Amino acid sequence: MEVLTISSIRAYGDAMIKQTKSPSPVEVDAKVDGVDSLPTYDLLDESTVWTPEIERLTHAVVKQIRLDAPSMMVIGRQRIGKSKAIAFLNGILAEEIGYPILILRWSVVDDVNRSNRTFIQDRMRQSGTDAIVHRDLAVLRSRLIDHIRAEAARIGTRRVAFFIDEAHALMDDEYAQLLNLFNEMERYALKPFFLLVGQPELSNVEGRWLAIGNYQNIGRFASHMHEYLGIHLDDVASVLTVFDEDINGTDICISKNVSLKAFEEGWRIADMAPLIVNSVRSVALMQNITEPVRMPMQYLRGQLLAMLYHIGQQKIDPRQLSQAVVIDCLRSTNFTPVLQHYRDTRDVKSN
């Protein structure tokens with residue numbers, strides 16, 4: 001069985017990147033009627049890229065499944081990439097565990113008026129079955145269970161993982177529905193694992209269950225708690241390195257497309273890391289924030305895109321990018337008003 005490594009996770013991330021032909025660096029310098037134009041293609045691919053936090057989450061999930069744990073809660077602040085992380089995990093988990101596993105990805109809508117029938121119908125639809133029309137809730141539950149059993153048999157596995165995104169929106173009655181599903185899975189000799197992913201308020205549910213003595217829910221759904229964090233500033237360079245890689249010889253290398261001359265002279269996007277890190281720290285100091293700040297992937301990607309577009313529009317060597325411009329690019333992502341929300345008073349660095 002292959003050991004989980006940074007390189008193996010990055011390799012999967014590489015495979016996720018679209019195998020499309022990249023434009024020539026010359027296209028970045030194109031002009032329309034003598035006026036500098038924006039690039040006519042997306043400078044960064046939409047695929048999820050490796051981060052140390054994704055690797056840390058993968059290690060944790062693999063460990064819990066191998067320990068035969070029933071569940072794991074993943075909590076994290078808004079916009080740090082939890083949904084992207086579980087999408088990434090969806091593609092790599094079977095390989096890292098070493099055997100087939102059926103993964104059902106569910107997302108819960110925050111709707112206090114949702115009925116149990118609607119909840120089960122949503123789960124059926126997200127599981128890939130359209131046989132959701134029936135007035136009897138028991139019939140719908142039976143159809144969902146039969147569908148899951150059939151899908152597990154199709155890929156030859158007894159292990160079923162339920163990835164539930166936005167789990168902080170689950171209501172008490174819906175946990176009862178999930179508990180019933182868990183018990184039915186075991187009755188049919190399947191081995192369920194629930195990965196509940198949500199915002200920080202998800203962590204409050206364990207205390208609520210403890211207060212009312214609902215130890216069954218604690219044992220089933222809160223056996224392990226994992227905090228998903230933004231990118232540690234020390235890791236920005238290693239994350240940017242992913243964009244520098246020429247994937248499988250397809251010439252998808254952002255640095256080369258931004259400036260062929262700089263690329264041939266050894267420049268890489270990862271060399272922008274000090275500018276990005278200093279911009280975050282500078283803005284933090286302006287707000288009298290002295291604690292370390294974790295950077296959500298959404299804002300890191302947005303700042304990087306703004307920097308690359310500035311380089312293309314101004315026709316400058318990327319090595320000439322100033323710190324002031326990089327700070328402006330950070331502000332353009334609207335990260336500065338919410339920066340204090342991503343303070344990390346513990347300064348826990350991903351390993």
# chains A, B, ... in the order shown; residues from 1 in each chain; ligands from 1
>>> residues_around(residues="Phe194 in chain A", least_positions_apart="2", cutoff="12 Å", atoms="only C-alpha atoms", output="PyMOL selection string")
chain A and resi 61+64-65+68-74+102-106+159-165+167+175+178-179+181-182+185+191-192+196-197+217+219-224
>>> atom_distance(atom1="CA of Asp344 in chain A", atom2="CA of Trp50 in chain A")
21.0 Å
>>> closest_residue(among="A:Gly266, A:Gly76, A:Gly213, A:Gly302", to="Pro318 in chain A", atoms="only C-alpha atoms")
A:Gly266
>>> closest_residue(among="A:Tyr342, A:Ser203, A:Arg79, A:Ser279", to="Ala324 in chain A", atoms="only C-alpha atoms")
A:Ser279
>>> closest_residue(among="A:Leu190, A:Val109, A:Ala284, A:Leu305", to="Phe243 in chain A", atoms="only C-alpha atoms")
A:Leu305
>>> select_by_dssp(residues="range 280-309 of chain A", states="helix (DSSP H, G or I)", output="number ranges by chain")
A: 280-286, 297-309
>>> write_last_selection(atoms="C-alpha atoms", output="CSV table (one decimal), in the first residue's frame")
chain,number,residue,atom,x,y,z
A,280,VAL,CA,-0.6,40.4,4.1
A,281,ARG,CA,1.6,41.3,7.1
A,282,SER,CA,1.7,44.9,6.1
A,283,VAL,CA,-2.1,45.2,5.9
A,284,ALA,CA,-2.3,43.3,9.2
A,285,LEU,CA,0.0,45.8,10.9
A,286,MET,CA,-2.1,48.7,9.5
A,297,MET,CA,-7.1,30.0,-0.9
A,298,GLN,CA,-9.9,32.1,-2.5
A,299,TYR,CA,-8.0,35.3,-1.6
A,300,LEU,CA,-4.6,34.0,-2.4
A,301,ARG,CA,-5.8,33.0,-5.9
A,302,GLY,CA,-7.6,36.3,-6.3
A,303,GLN,CA,-4.5,38.3,-5.4
A,304,LEU,CA,-2.3,36.2,-7.7
A,305,LEU,CA,-4.7,36.7,-10.6
A,306,ALA,CA,-4.7,40.5,-10.0
A,307,MET,CA,-0.9,40.5,-10.0
A,308,LEU,CA,-0.7,38.5,-13.2
A,309,TYR,CA,-3.3,40.8,-15.0
>>> atom_distance(atom1="CA of Ile148 in chain A", atom2="CA of Ile86 in chain A")
19.7 Å
>>> residues_around(residues="His341 in chain A", least_positions_apart="3", cutoff="9 Å", atoms="only C-alpha atoms", output="list in words")
Arg77, Val293, Pro337, Val338 and Asp344 of chain A
>>> select_by_dssp(residues="range 119-314 of chain A", states="strand (DSSP E)", output="ChimeraX atom specification")
/A:159-165,191-198,225-227
>>> write_last_selection(atoms="N, CA and C atoms", output="PDB file, in the first residue's frame")
ATOM      1  N   ARG A 159     -17.302  -0.459   2.001  1.00  0.00           N
ATOM      2  CA  ARG A 159     -17.048   0.824   2.664  1.00  0.00           C
ATOM      3  C   ARG A 159     -17.782   1.940   1.924  1.00  0.00           C
ATOM      4  N   VAL A 160     -18.581   2.705   2.662  1.00  0.00           N
ATOM      5  CA  VAL A 160     -19.329   3.822   2.088  1.00  0.00           C
ATOM      6  C   VAL A 160     -19.014   5.077   2.898  1.00  0.00           C
ATOM      7  N   ALA A 161     -18.532   6.112   2.216  1.00  0.00           N
ATOM      8  CA  ALA A 161     -18.218   7.383   2.872  1.00  0.00           C
ATOM      9  C   ALA A 161     -19.237   8.432   2.451  1.00  0.00           C
ATOM     10  N   PHE A 162     -19.794   9.120   3.440  1.00  0.00           N
ATOM     11  CA  PHE A 162     -20.748  10.195   3.190  1.00  0.00           C
ATOM     12  C   PHE A 162     -20.054  11.519   3.492  1.00  0.00           C
ATOM     13  N   PHE A 163     -19.791  12.314   2.453  1.00  0.00           N
ATOM     14  CA  PHE A 163     -19.193  13.636   2.614  1.00  0.00           C
ATOM     15  C   PHE A 163     -20.336  14.650   2.658  1.00  0.00           C
ATOM     16  N   ILE A 164     -20.588  15.225   3.825  1.00  0.00           N
ATOM     17  CA  ILE A 164     -21.722  16.135   3.984  1.00  0.00           C
ATOM     18  C   ILE A 164     -21.202  17.551   4.178  1.00  0.00           C
ATOM     19  N   ASP A 165     -21.311  18.347   3.136  1.00  0.00           N
ATOM     20  CA  ASP A 165     -20.858  19.740   3.182  1.00  0.00           C
ATOM     21  C   ASP A 165     -21.964  20.629   3.764  1.00  0.00           C
ATOM     22  N   LYS A 191     -20.056  -0.649   5.700  1.00  0.00           N
ATOM     23  CA  LYS A 191     -19.283   0.060   6.722  1.00  0.00           C
ATOM     24  C   LYS A 191     -19.323   1.560   6.422  1.00  0.00           C
ATOM     25  N   PRO A 192     -20.221   2.289   7.080  1.00  0.00           N
ATOM     26  CA  PRO A 192     -20.371   3.721   6.781  1.00  0.00           C
ATOM     27  C   PRO A 192     -19.345   4.580   7.507  1.00  0.00           C
ATOM     28  N   PHE A 193     -18.997   5.694   6.864  1.00  0.00           N
ATOM     29  CA  PHE A 193     -18.137   6.711   7.472  1.00  0.00           C
ATOM     30  C   PHE A 193     -18.711   8.065   7.089  1.00  0.00           C
ATOM     31  N   PHE A 194     -19.033   8.879   8.092  1.00  0.00           N
ATOM     32  CA  PHE A 194     -19.633  10.182   7.848  1.00  0.00           C
ATOM     33  C   PHE A 194     -18.590  11.280   8.062  1.00  0.00           C
ATOM     34  N   LEU A 195     -18.350  12.063   7.024  1.00  0.00           N
ATOM     35  CA  LEU A 195     -17.467  13.222   7.105  1.00  0.00           C
ATOM     36  C   LEU A 195     -18.345  14.464   7.066  1.00  0.00           C
ATOM     37  N   LEU A 196     -18.514  15.086   8.219  1.00  0.00           N
ATOM     38  CA  LEU A 196     -19.372  16.266   8.326  1.00  0.00           C
ATOM     39  C   LEU A 196     -18.502  17.517   8.279  1.00  0.00           C
ATOM     40  N   VAL A 197     -18.733  18.352   7.277  1.00  0.00           N
ATOM     41  CA  VAL A 197     -17.894  19.528   7.034  1.00  0.00           C
ATOM     42  C   VAL A 197     -18.745  20.783   7.169  1.00  0.00           C
ATOM     43  N   GLY A 198     -18.285  21.730   7.983  1.00  0.00           N
ATOM     44  CA  GLY A 198     -19.086  22.932   8.156  1.00  0.00           C
ATOM     45  C   GLY A 198     -18.338  24.067   8.811  1.00  0.00           C
ATOM     46  N   MET A 225     -12.700  15.445  15.861  1.00  0.00           N
ATOM     47  CA  MET A 225     -12.875  16.824  15.398  1.00  0.00           C
ATOM     48  C   MET A 225     -11.586  17.294  14.728  1.00  0.00           C
ATOM     49  N   HIS A 226     -11.709  17.880  13.533  1.00  0.00           N
ATOM     50  CA  HIS A 226     -10.550  18.358  12.785  1.00  0.00           C
ATOM     51  C   HIS A 226     -10.813  19.799  12.359  1.00  0.00           C
ATOM     52  N   GLU A 227      -9.863  20.691  12.597  1.00  0.00           N
ATOM     53  CA  GLU A 227     -10.019  22.077  12.169  1.00  0.00           C
ATOM     54  C   GLU A 227      -9.267  22.304  10.865  1.00  0.00           C
TER      55      GLU A 227
END
>>> atom_distance(atom1="CA of Ile316 in chain A", atom2="CA of Glu265 in chain A")
15.1 Å
>>> residues_around(residues="Asp173 in chain A", least_positions_apart="5", cutoff="12 Å", atoms="only C-alpha atoms", output="list in words")
Val112, Asn113, Arg114, Ser115, Asn116, Arg117, Phe119, Ile120, Leu178, Leu179, Asn180 and Asn217 of chain A
>>> write_last_selection(atoms="N, CA and C atoms", output="mmCIF file, in the first residue's frame")
data_model
loop_
_atom_site.group_PDB
_atom_site.id
_atom_site.type_symbol
_atom_site.label_atom_id
_atom_site.label_comp_id
_atom_site.auth_asym_id
_atom_site.auth_seq_id
_atom_site.Cartn_x
_atom_site.Cartn_y
_atom_site.Cartn_z
ATOM 1 N N VAL A 112 -34.632 26.289 7.555
ATOM 2 C CA VAL A 112 -35.267 25.810 8.788
ATOM 3 C C VAL A 112 -36.649 25.226 8.529
ATOM 4 N N ASN A 113 -37.228 25.503 7.363
ATOM 5 C CA ASN A 113 -38.561 25.002 7.040
ATOM 6 C C ASN A 113 -38.522 23.678 6.270
ATOM 7 N N ARG A 114 -37.336 23.117 6.110
ATOM 8 C CA ARG A 114 -37.199 21.880 5.345
ATOM 9 C C ARG A 114 -37.824 20.710 6.104
ATOM 10 N N SER A 115 -38.599 19.901 5.422
ATOM 11 C CA SER A 115 -39.209 18.714 6.033
ATOM 12 C C SER A 115 -38.262 17.529 5.918
ATOM 13 N N ASN A 116 -38.506 16.492 6.714
ATOM 14 C CA ASN A 116 -37.695 15.275 6.629
ATOM 15 C C ASN A 116 -37.808 14.637 5.245
ATOM 16 N N ARG A 117 -39.012 14.735 4.661
ATOM 17 C CA ARG A 117 -39.221 14.170 3.322
ATOM 18 C C ARG A 117 -38.351 14.896 2.298
ATOM 19 N N PHE A 119 -35.630 16.525 2.939
ATOM 20 C CA PHE A 119 -34.233 16.205 3.260
ATOM 21 C C PHE A 119 -33.809 14.891 2.609
ATOM 22 N N ILE A 120 -34.623 13.868 2.737
ATOM 23 C CA ILE A 120 -34.289 12.573 2.141
ATOM 24 C C ILE A 120 -34.312 12.652 0.615
ATOM 25 N N LEU A 178 -30.024 10.578 9.599
ATOM 26 C CA LEU A 178 -28.677 10.066 9.312
ATOM 27 C C LEU A 178 -28.339 8.879 10.212
ATOM 28 N N LEU A 179 -28.792 8.940 11.456
ATOM 29 C CA LEU A 179 -28.556 7.827 12.371
ATOM 30 C C LEU A 179 -29.266 6.568 11.881
ATOM 31 N N ASN A 180 -30.498 6.747 11.405
ATOM 32 C CA ASN A 180 -31.221 5.621 10.828
ATOM 33 C C ASN A 180 -30.478 5.052 9.628
ATOM 34 N N ASN A 217 -25.589 10.067 19.309
ATOM 35 C CA ASN A 217 -25.169 10.976 18.243
ATOM 36 C C ASN A 217 -23.691 11.349 18.384
#
>>> closest_residue(among="A:Glu184, A:Asp235, A:Asp328, A:Glu245", to="Pro52 in chain A", atoms="only C-alpha atoms")
A:Asp235
